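Input: a single structure, listed below in structure tokens.
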Amino acid sequence: MSANPYQQGRDSRGVFTSHPCGVMETELLLAPITALEIVGDHLIAGEGPNIAIYILEPGASPSARCSRQVLQNYNVHGIKEQQKLSPGANKPSTLAIFGGKSFVVVKLSFQDSTVKLSEVFPFCELHDWIWDLQWLEGRAEMPSSVAVALGHNSVALYDCVGQRILQEVHCQEKCILYSAHLVGSHWETLVLVAGTVFHQLVVWCAADQTDDIGRIKPRSRISGHSGVIFSICFLESRGILASASDDRSVRLWSVCDLRKPPALVPCLLVCYGHQSRVWSVRLLRDYIISIGEDSTCLVWNYQGKVVHSFKGHKGQGLRAVAVHEGRGWVFTGGADSGIRHWCLKERSTSGNKFWQLKFPFPAKKGSPRVVKLVGVNHLLVMTDAGVVYSCDLASEAWTLLLEDAAYQSYSLLEASKLANGGILCAIGNLSGQVKVFPVSSPTHSKELNLYEGKVHNLTWATAPKQDPNTCSLFASGPAGALLWLEVSWHPLGGTTVVVKQCFLLPVCKQRWHTCTAFLPQGEFLLCGDRRGSLMMFACKPTLGLEKARAGDELGSSASGFICNLPGVTFPIGNEEPQAERPVSLLFGLHGKLGVTSITCHSDFIYSTGRDSCYRQLQVQDQQLHVLRKQKPWKDLEWLEDLRFGPNGSLWVLGFHATHFVVWSVSSSEMLLFIPCGGGHRSWSYAHCLSIEAFAYVKSGEIWLYQSKEASSEHRILKAALHGRGLTCVCHIGTLKTFGRERVSIFATGSEDNTVNILAFNVQTHTVTQLTAIGDHISSVRALTVVRNGVTQPEMGRISTMLFSAGGRAQIECYRLMFSPKHDSSSSVACQLVHVASHRLDEHWDHKKNKHKLLKMDPETRYMSMVALARTEDPELPGPLHFLAAACSDGSVRLFLLLENAQKLCLVAESFHHQHCVLKVEAFTCKTASGRRRHFMGSAATDGSIAFWDVTTALSHIAVTVKAGNTQMKPLALEPPVLTIQAHSCGVNSLHIQETADRRFVVVSGSDDGSISVHVIDVKAESPVGQETTARTGIQAVRKVSRLCAHAAQVTGVRLLHLNFLLSVSVDQRLTLWSLCEDSLSFLWSKFCHVADVAALECWETEGHSYRGAICGQGLEVLSWGLDVQGREIKDGI
Amino acid sequence: MGRSSKDKRDIYYRLAKEEGWRARSAFKLLQLDEEYHLFQGVSRAVDLCAAPGSWSQVLSRKLKGEDPKNADIKIVAVDLQAMAPLPGVIQIQGDITKVSTAQEIIRHFEGQPADLVVCDGAPDVTGLHDIDEYIQAQLLLAALNITTHVLKKGGTFVAKIFRGKDVTLLYSQLRIFFPDVTCAKPRSSRNSSIEAFVVCQNYSPPEGYVPNMSNPLLDHCYDVDFNQLEGPNRVIVPFLACGDLSAYDSDRTYPLQLDPEKEYTYVPPTQPPIRPAYEEACFLKKHNLLTKEQVPHPQLSEQGAQNFPLQTEVVNALEELSV
């Protein structure tokens, strides 16, 4: 990034000049998007104190062309372009950017492909909050005066050249405002509409006569809202004023001329549509746009109907909206730091049809039971009279394909498109027969007498390297029999069926398959069943078992079956046949409602089920392994199928209550929503290029939805971070990509119940989300990683174990693997495998009738977590991973991960603290005999820090594990070896680091704004031989503390090299201290742009250079160097 | 989850209901008093931004003791919103930025200034920290301004404060009027909360200061010398944690059965909110009357339009609302 011209403004304030150490640079800031404005062909976004410039054209690169800090310690809340004297798209634009009490004027010029941003008038700070700003036209060539609407209902006229307020006028209604909107371009005609704390809109003119105490009388007061007003907009051409409020409504007022409003302003429209508060409203010629806390952007027409509803942002609300009226584009900015692009005219109904298909009357035979789309324009229908019809949807021309009374009442039809374009269709009946026929030539049908009982289900699957005329059919029969039939059709040779193999499904009540797919290599068949089980069969077809030609006697008569399958005679009876059992079985994986689909996609297997989840699996050693499970959208109760798009997009088909839904996972938005009545009925969906079709049967009629311009994902200009505040950040490691770029990987946890894995490119200062974890049912509060083997920051690969913990006493454990992506110079590939999870109240969730019971146990939250150093034992297959958690119920708990068994066990606990435990840290120390001793430090809301020696407990547990006992009762931890009262109240941050042999520095920051440093010594061990029983003592040697180090709770502390200490607080200051013999001395402080700072993470990049991340209402990555000249490593501390 | 889950998540919410307080914040004032003895010798107290009235309840119980009719003690509660009446508390529905409100308070005190002014007011939080902190600061300054009209010299002012990025500007402002300003956090206030309280003692306005309500007090700006944005010099006031360590811990999660002797029973809230802003919206949401986007619907045929609520249903629901 080039030198920041606004930096100079700071230096002149004399703030940065006294830094004894290297200056800290913000490399990345992700914060709520608080302002959006369209300037020419560009979108200007305000994020924290920065503005970023994006190209509007959908084809353009979505990354920002330019990003710059413009406001110092304020966030950008508005961007106002000055009217150009001479219009022209590529002429430079002058922008006033305001936020908080400050504003700055910059010039934006475009030269070829570069954007230049230069300061026109310097940063200025006023005495009150700026709610709105308006450029005023003057006599001068170059307009330089602006009007600003201020926080207590006043308007100031500011001269940018002279850098001073020329005039300030006040309204009689002197109160706190929540919003204000200036209208007019001359001081003489300037009108302010102010949204007061009293739920009113007050309209007054800046140039009006003042009363005897110098105040201006409002021209109108508009009442009606029952909450404060967050946003105001005026549409001059219609004389309409709009207001958005805390009462969750948008109201439109007919004021006509704002300067001469009627005595009683009539309310034109009250729009209730948001599920929560409305933050902003914009008026367009034909539409009203509102955004709200429900993360929804609603587009209303002037009749008060919602025309569009744009949803896609995460979590808590949209904060900014900009509209390009001419092109019908809407841009929204969220509290999630994301920017999305929506199209107003897109869902025009012209290309969409939704109608009831006219069934061929009077030739109609039976009523439709099954529909199957075999293309967006081709529908197959089967009726309860055993008749199969084909319908060309474009012409609505019906063809009767086949009629067979043997297939009446029970309608089972499945079709498959062959690689050669032909369509094969299979129908089954109650007496065990299956008929296959090509749609193009239904007379060439082939009937097979497979079972003595009914055919439960039929599915088609394409085997790898299969002949283009061939497809595999799977038929479930009684007693769990599943037959694999290979069906071929040649226009000349007719239909051929080969029985390949018979499989046996696991025993259960509803014992039939629901979906099948071949693994890409073809040696295994994947199958899902109605019981929710997923299984894998080995494909060992016996060649030339049975061949039958259409028209041949063999196929159509039950007696004519020749069977070479050992132990199987056709038709298969109601006894369990002798057949291939699954080589791998995951019983009931998707729950009792069944598996719905299996898809193989780029080395992975994906399954969907009616448990609202889809799972990613892999085959290892001929066994199915679930890597992870994902819930695309909480309201999608039934997942039916997955569709993988070309550029990494993923669509999920499913049902939300009685609606069919197509959901895009990549852009988290709903693409299709059809009220069809639910997923129990027969339905079918097809999509090809931009055309999509959905057919279903409801009340014996066929309904069809067809769209010529199927909605595709909306463009994402900037990806979202988290939907709510971030609670923790954890550095995982640094990788070098093939382009030799360094990428730092870290994980963030949030109150939105998710964990994000992010890759931060050190060269370009850009961040990409590698994956997200959504397994938590409550907020995530703590993250910790354990690296495998030697920790090397510059390794070519990283393999780690990540633990996340949070509300509802939940811990999740994942294995994460990172490596450079082969096909890219700058990106990183990430694979995530869910290893284990733990819930304290799991037993409660499994209780029946729990809604009738009162759960007396506390609702424990994990506040912090740390992985203890691994303990290895030659007698154990792998290292033991121990984990310590700080719990809100006043306990410290130890957990053990048994990776192979995929189990996380509670192994020890102590309620020593009796207060909510906020932080836990671990440290180890080697004794003279070479044994490692394990310690823990835990801190609570009472300001105390306890030190625990857990060596004995850990070795005791290791012995139990060695004995093969995994169902252990939690041990009671022995009391702490030392407890110190470090602070007067809650300890919000804790860091323990070894500085010398058996000497540790304990740094803690508190709710009271203080920082304490304790030096502790681990006492020499007791005589050899007793060390497994005797606990080692800890002694506090020295204490240094600084009260009022910060003005708010200190939420992060880190001891860096050479007695440097870094702290961060909710007061948004990051401060570097020098730790001396008996004091902490201030070195420098930096204002940080993340509000509600929750955590600090630091890592050394190279000698005395550091990178750090702070999180809260956003994420900031910083880098700095420590100037170590003249410093020596002081002994003693 | 059930209605008991909030009882479990928040011990003070539960205790407030069980002890009859209108809000859990009552414990905050009680714990502040434990540390500062705020009520000692107080006979005239003002509660600004009083709704729903829990601090007025505390003032009444603490100052008047058993006898709510005690005429020697006067408590005035001011709020813009309506508040359910409280015995022994004089209520003013008014704006704290108006001189008339200050005059009315003094009138109730028969011309005498107040000994204690408390303010637990918080704005409608927007979730954008900079705006919330700004508005909270303005609320505090408005409370300070009316306090300069009604508080006796040497009196005490207690107010809620958000410890955010610019809190030192408020500290420097308060120091002009009070030599003793401390920041206090009762144990009933959550550790994670940005909220704290300023306890300003020994009211001593600058010499010649004339209270003036015609202009709002504005917050200070950063000063290169004594209150820097990024430098070492910042006005940070002493901090005091209030309440006994043995008191309940607001961050801790407790089991429902607190006392083995006493069985848990659910207690409904003491005072539900009066006419909140979201009332109508929630009613509409509950009855599925919020305007929604038109989802694709079959072109009207015999079976069409059955998913729309019947006109009469809408009318009935709206009638219910107006009642």
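Following the order of the structure tokens, first chain is A, next is B, and so on, with residues numbered from 1 inside each chain and ligands from 1 in the order they appear.
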
Using only C-alpha atoms, I'd like a table of the residues in chain A that come within 7 Å of chain B; for each, show the closest atom pair and its distance in Å rounded to one decimal, ordered by chain and ascending number, as JSON lines.
```
{"residue": "A:Val15", "atom": "CA", "partner": "B:Gly231", "partner_atom": "CA", "distance": 6.0}
{"residue": "A:Ser226", "atom": "CA", "partner": "B:Ala277", "partner_atom": "CA", "distance": 5.1}
{"residue": "A:Gly227", "atom": "CA", "partner": "B:Ala277", "partner_atom": "CA", "distance": 4.9}
{"residue": "A:Asp246", "atom": "CA", "partner": "B:Ala277", "partner_atom": "CA", "distance": 6.4}
{"residue": "A:Asp247", "atom": "CA", "partner": "B:Ala277", "partner_atom": "CA", "distance": 4.6}
{"residue": "A:Arg248", "atom": "CA", "partner": "B:Ala281", "partner_atom": "CA", "distance": 6.2}
{"residue": "A:Tyr272", "atom": "CA", "partner": "B:Leu290", "partner_atom": "CA", "distance": 5.5}
{"residue": "A:Gly273", "atom": "CA", "partner": "B:Thr291", "partner_atom": "CA", "distance": 4.6}
{"residue": "A:Lys305", "atom": "CA", "partner": "B:Thr291", "partner_atom": "CA", "distance": 6.8}
{"residue": "A:Val306", "atom": "CA", "partner": "B:Glu293", "partner_atom": "CA", "distance": 4.9}
{"residue": "A:Val307", "atom": "CA", "partner": "B:Glu293", "partner_atom": "CA", "distance": 5.8}
{"residue": "A:His308", "atom": "CA", "partner": "B:Glu293", "partner_atom": "CA", "distance": 5.9}
{"residue": "A:Ser309", "atom": "CA", "partner": "B:Glu293", "partner_atom": "CA", "distance": 6.0}
{"residue": "A:Phe354", "atom": "CA", "partner": "B:Pro298", "partner_atom": "CA", "distance": 4.7}
{"residue": "A:Trp355", "atom": "CA", "partner": "B:Pro298", "partner_atom": "CA", "distance": 5.0}
{"residue": "A:Phe673", "atom": "CA", "partner": "B:Val295", "partner_atom": "CA", "distance": 6.6}
{"residue": "A:Ile674", "atom": "CA", "partner": "B:Pro296", "partner_atom": "CA", "distance": 6.1}
{"residue": "A:Met856", "atom": "CA", "partner": "B:Leu256", "partner_atom": "CA", "distance": 4.8}
{"residue": "A:Asp857", "atom": "CA", "partner": "B:Pro255", "partner_atom": "CA", "distance": 4.7}
{"residue": "A:Pro858", "atom": "CA", "partner": "B:Pro255", "partner_atom": "CA", "distance": 4.1}
{"residue": "A:Glu859", "atom": "CA", "partner": "B:Thr253", "partner_atom": "CA", "distance": 6.0}
{"residue": "A:Thr860", "atom": "CA", "partner": "B:Thr253", "partner_atom": "CA", "distance": 5.9}
{"residue": "A:Ser888", "atom": "CA", "partner": "B:Arg252", "partner_atom": "CA", "distance": 4.9}
{"residue": "A:Asp889", "atom": "CA", "partner": "B:Thr253", "partner_atom": "CA", "distance": 4.8}
{"residue": "A:Gly890", "atom": "CA", "partner": "B:Arg252", "partner_atom": "CA", "distance": 6.5}
{"residue": "A:His915", "atom": "CA", "partner": "B:Arg252", "partner_atom": "CA", "distance": 6.1}
{"residue": "A:Cys916", "atom": "CA", "partner": "B:Arg252", "partner_atom": "CA", "distance": 4.4}
{"residue": "A:Asp942", "atom": "CA", "partner": "B:Leu245", "partner_atom": "CA", "distance": 6.6}
{"residue": "A:Ser984", "atom": "CA", "partner": "B:Ala241", "partner_atom": "CA", "distance": 6.3}
{"residue": "A:Cys985", "atom": "CA", "partner": "B:Ala241", "partner_atom": "CA", "distance": 6.1}
{"residue": "A:Gly986", "atom": "CA", "partner": "B:Asn191", "partner_atom": "CA", "distance": 6.5}
{"residue": "A:Asp1007", "atom": "CA", "partner": "B:Asn191", "partner_atom": "CA", "distance": 6.7}
{"residue": "A:Asp1008", "atom": "CA", "partner": "B:Phe239", "partner_atom": "CA", "distance": 5.8}
{"residue": "A:Cys1044", "atom": "CA", "partner": "B:Ile236", "partner_atom": "CA", "distance": 6.1}
{"residue": "A:Ala1047", "atom": "CA", "partner": "B:Ile236", "partner_atom": "CA", "distance": 5.6}
{"residue": "A:Ala1048", "atom": "CA", "partner": "B:Arg163", "partner_atom": "CA", "distance": 5.5}
{"residue": "A:Val1066", "atom": "CA", "partner": "B:Gly164", "partner_atom": "CA", "distance": 6.1}
{"residue": "A:Asp1067", "atom": "CA", "partner": "B:Lys165", "partner_atom": "CA", "distance": 4.2}
{"residue": "A:Gln1068", "atom": "CA", "partner": "B:Lys165", "partner_atom": "CA", "distance": 5.3}
{"residue": "A:Phe1082", "atom": "CA", "partner": "B:Pro232", "partner_atom": "CA", "distance": 6.4}
{"residue": "A:Trp1084", "atom": "CA", "partner": "B:Gly231", "partner_atom": "CA", "distance": 6.6}
{"residue": "A:Ser1085", "atom": "CA", "partner": "B:Glu230", "partner_atom": "CA", "distance": 5.2}
{"residue": "A:Lys1086", "atom": "CA", "partner": "B:Glu230", "partner_atom": "CA", "distance": 5.5}
{"residue": "A:Phe1087", "atom": "CA", "partner": "B:Glu230", "partner_atom": "CA", "distance": 6.1}
{"residue": "A:Ala1091", "atom": "CA", "partner": "B:His129", "partner_atom": "CA", "distance": 6.3}
```

Worksheet item: Got a sec to tell me which of range 191-263 of chain B DSSP assigns to strand (DSSP E), as a list in words?
Response: Glu195, Ala196, Phe197, Val198, Val199, Cys200, Gln201, Phe239, Leu240, Ala241 and Cys242 of chain B

Worksheet item: Which polymer residues have any atom within 6 Å of an atom of range 76-79 of chain B, counting only C-alpha atoms, with same-chain residues fewer than 6 positions away left out, as an MDAnalysis selection string?
Response: chainID B and resid 46:50 89:94

Could you write those residues out with C-alpha atoms, as a PDB file, in the first residue's frame?
```
ATOM      1  CA  VAL B  46     -33.883  12.305  41.946  1.00  0.00           C
ATOM      2  CA  ASP B  47     -34.059   9.321  39.616  1.00  0.00           C
ATOM      3  CA  LEU B  48     -33.562  10.398  36.009  1.00  0.00           C
ATOM      4  CA  CYS B  49     -34.641   8.154  33.107  1.00  0.00           C
ATOM      5  CA  ALA B  50     -36.401   6.124  35.759  1.00  0.00           C
ATOM      6  CA  VAL B  89     -42.272   8.105  44.591  1.00  0.00           C
ATOM      7  CA  ILE B  90     -43.332  11.327  42.884  1.00  0.00           C
ATOM      8  CA  GLN B  91     -43.407  10.802  39.149  1.00  0.00           C
ATOM      9  CA  ILE B  92     -42.794  13.371  36.450  1.00  0.00           C
ATOM     10  CA  GLN B  93     -43.349  12.395  32.836  1.00  0.00           C
ATOM     11  CA  GLY B  94     -40.999  14.880  31.276  1.00  0.00           C
TER      12      GLY B  94
END
```

Selection: 10 Å around Thr148 in chain B, only C-alpha atoms, excl. self and same-chain fewer than 5 positions, as a CSV table (one decimal) with N, CA and C atoms, in the first residue's frame:
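Contents of the output file part.csv:
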```csv
chain,number,residue,atom,x,y,z
B,102,ALA,N,-36.5,20.7,35.5
B,102,ALA,CA,-35.7,21.0,36.6
B,102,ALA,C,-36.5,21.8,37.7
B,113,PRO,N,-32.5,22.0,47.1
B,113,PRO,CA,-31.8,21.2,46.1
B,113,PRO,C,-31.7,19.7,46.5
B,117,VAL,N,-28.5,12.6,42.8
B,117,VAL,CA,-29.2,12.4,41.5
B,117,VAL,C,-28.6,11.1,40.9
B,142,ALA,N,-26.8,15.3,29.3
B,142,ALA,CA,-28.1,15.9,29.6
B,142,ALA,C,-28.4,15.7,31.0
B,143,ALA,N,-28.2,14.5,31.5
B,143,ALA,CA,-28.4,14.2,33.0
B,143,ALA,C,-27.5,15.1,33.8
B,153,LYS,N,-24.6,21.7,46.5
B,153,LYS,CA,-23.1,21.6,46.5
B,153,LYS,C,-22.7,20.5,47.4
B,157,PHE,N,-23.7,12.4,42.3
B,157,PHE,CA,-24.4,12.1,41.0
B,157,PHE,C,-23.9,10.8,40.6
B,177,PHE,N,-17.0,19.3,37.2
B,177,PHE,CA,-18.0,19.6,38.2
B,177,PHE,C,-17.8,18.8,39.5
B,203,TYR,N,-20.2,17.6,44.7
B,203,TYR,CA,-20.5,18.5,43.6
B,203,TYR,C,-19.9,19.9,43.9
B,204,SER,N,-19.0,20.3,43.1
B,204,SER,CA,-18.4,21.7,43.2
B,204,SER,C,-18.3,22.3,41.8
B,205,PRO,N,-19.3,23.0,41.4
B,205,PRO,CA,-19.2,23.6,40.0
B,205,PRO,C,-18.1,24.6,40.0
B,209,TYR,N,-20.0,29.4,37.8
B,209,TYR,CA,-20.8,28.6,36.8
B,209,TYR,C,-22.3,28.9,36.9
B,210,VAL,N,-22.9,29.2,35.8
B,210,VAL,CA,-24.4,29.4,35.9
B,210,VAL,C,-25.0,28.3,35.1
B,211,PRO,N,-25.8,27.5,35.8
B,211,PRO,CA,-26.5,26.4,35.1
B,211,PRO,C,-27.3,26.9,33.9
B,212,ASN,N,-27.2,26.3,32.8
B,212,ASN,CA,-27.9,26.7,31.6
B,212,ASN,C,-28.4,25.6,30.8
B,213,MET,N,-29.7,25.5,30.6
B,213,MET,CA,-30.2,24.4,29.9
B,213,MET,C,-30.5,24.7,28.5
```

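Residues lying within 7 Å of Trp21 in chain B, counting only C-alpha atoms and ignoring same-chain neighbours fewer than 4 positions away, are Ala16, Lys17, Ala26, Ser54 and Thr270 of chain B.
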
I need the residues from that last selection saved to file as a CSV table (one decimal), in the first residue's frame (with C-alpha atoms), if you can.
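File produced: again08.csv:
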```csv
chain,number,residue,atom,x,y,z
B,16,ALA,CA,-35.0,-9.5,40.7
B,17,LYS,CA,-38.3,-11.3,40.0
B,26,ALA,CA,-32.0,-2.7,41.1
B,54,SER,CA,-36.3,-0.3,39.7
B,270,THR,CA,-42.7,-8.0,38.0
```

Practice prompt. May I have the residues within 10 Å of range 520-530 of chain A as JSON, numbers by chain, using only C-alpha atoms and disregarding those fewer than 5 positions away in the same chain?
Written response: {"A": [461, 462, 463, 464, 465, 466, 474, 476, 482, 484, 505, 506, 508, 509, 510, 511, 512, 513, 514, 515, 535, 536, 537, 538, 539, 540, 541, 582, 583, 584, 585, 586, 587, 588, 589, 590, 591, 592, 593, 594, 595, 596, 597, 598, 599, 600, 601, 602, 603, 604, 605, 607, 608, 609, 610, 619, 622, 624]}

Response to the item:
Counting only C-alpha atoms, closest pick from B:Thr101, B:Asn202, B:Ser43, B:Asn145 relative to Lys62 in chain B is B:Ser43

Item to complete: Please indicate the distance in Å from CA of His77 in chain A to CA of Ser337 in chain A, rounded to one decimal place.
Response: 14.0 Å

Worksheet item: Which one is closest to Lys64 in chain B: B:Ile274, B:Tyr36, B:Gly88, B:Ala51? Count only C-alpha atoms.
Response: B:Gly88

Item to complete: Would you please extract all helix (DSSP H, G or I) residues from range 17-233 of chain B, as assigned by DSSP on the backbone, and give them as a count of residues only?
Response: 68

Worksheet entry | Near-Arg797 in chain A list (8 Å; only C-alpha atoms; drop same-chain fewer than 5 positions) as an MDAnalysis selection string | chainID A and resid 735 817:820

Suppose we keep all heavy atoms; can you now write the selection as a PDB file, in the first residue's frame?
```pdb
ATOM      1  N   LEU A 735       1.858 -20.443   5.659  1.00  0.00           N
ATOM      2  CA  LEU A 735       2.219 -21.317   4.536  1.00  0.00           C
ATOM      3  C   LEU A 735       2.835 -20.475   3.441  1.00  0.00           C
ATOM      4  O   LEU A 735       2.539 -19.295   3.325  1.00  0.00           O
ATOM      5  CB  LEU A 735       0.958 -21.928   3.939  1.00  0.00           C
ATOM      6  CG  LEU A 735       0.404 -23.246   4.418  1.00  0.00           C
ATOM      7  CD1 LEU A 735      -0.774 -23.591   3.539  1.00  0.00           C
ATOM      8  CD2 LEU A 735       1.443 -24.338   4.325  1.00  0.00           C
ATOM      9  N   MET A 817      -6.151 -29.615   7.602  1.00  0.00           N
ATOM     10  CA  MET A 817      -4.970 -29.770   6.777  1.00  0.00           C
ATOM     11  C   MET A 817      -4.929 -28.647   5.743  1.00  0.00           C
ATOM     12  O   MET A 817      -5.913 -28.398   5.054  1.00  0.00           O
ATOM     13  CB  MET A 817      -4.994 -31.134   6.057  1.00  0.00           C
ATOM     14  CG  MET A 817      -4.317 -32.220   6.841  1.00  0.00           C
ATOM     15  SD  MET A 817      -5.317 -33.460   7.655  1.00  0.00           S
ATOM     16  CE  MET A 817      -6.733 -33.692   6.760  1.00  0.00           C
ATOM     17  N   PHE A 818      -3.778 -28.003   5.665  1.00  0.00           N
ATOM     18  CA  PHE A 818      -3.620 -26.917   4.697  1.00  0.00           C
ATOM     19  C   PHE A 818      -2.423 -27.217   3.811  1.00  0.00           C
ATOM     20  O   PHE A 818      -1.395 -27.700   4.290  1.00  0.00           O
ATOM     21  CB  PHE A 818      -3.374 -25.581   5.395  1.00  0.00           C
ATOM     22  CG  PHE A 818      -4.450 -25.206   6.361  1.00  0.00           C
ATOM     23  CD1 PHE A 818      -4.339 -25.521   7.708  1.00  0.00           C
ATOM     24  CD2 PHE A 818      -5.588 -24.546   5.930  1.00  0.00           C
ATOM     25  CE1 PHE A 818      -5.338 -25.188   8.601  1.00  0.00           C
ATOM     26  CE2 PHE A 818      -6.586 -24.210   6.812  1.00  0.00           C
ATOM     27  CZ  PHE A 818      -6.464 -24.527   8.163  1.00  0.00           C
ATOM     28  N   SER A 819      -2.560 -26.900   2.550  1.00  0.00           N
ATOM     29  CA  SER A 819      -1.428 -27.040   1.643  1.00  0.00           C
ATOM     30  C   SER A 819      -1.611 -26.027   0.521  1.00  0.00           C
ATOM     31  O   SER A 819      -2.731 -25.583   0.268  1.00  0.00           O
ATOM     32  CB  SER A 819      -1.382 -28.462   1.094  1.00  0.00           C
ATOM     33  OG  SER A 819      -2.612 -28.758   0.488  1.00  0.00           O
ATOM     34  N   PRO A 820      -0.513 -25.660  -0.156  1.00  0.00           N
ATOM     35  CA  PRO A 820      -0.669 -24.711  -1.265  1.00  0.00           C
ATOM     36  C   PRO A 820      -1.505 -25.358  -2.373  1.00  0.00           C
ATOM     37  O   PRO A 820      -1.384 -26.559  -2.618  1.00  0.00           O
ATOM     38  CB  PRO A 820       0.760 -24.471  -1.748  1.00  0.00           C
ATOM     39  CG  PRO A 820       1.649 -25.124  -0.783  1.00  0.00           C
ATOM     40  CD  PRO A 820       0.875 -26.090   0.030  1.00  0.00           C
TER      41      PRO A 820
END
```

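Between CA of Val866 in chain A and CA of Ala884 in chain A lies a distance of 5.4 Å.
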
Worksheet entry | B:Phe197, B:Glu34, B:Leu116, B:Phe109 ranked by distance to Leu59 in chain B, top pick (using only C-alpha atoms) | B:Leu116

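CA of Leu344 in chain A is positioned 11.5 Å from CA of Asn301 in chain A.
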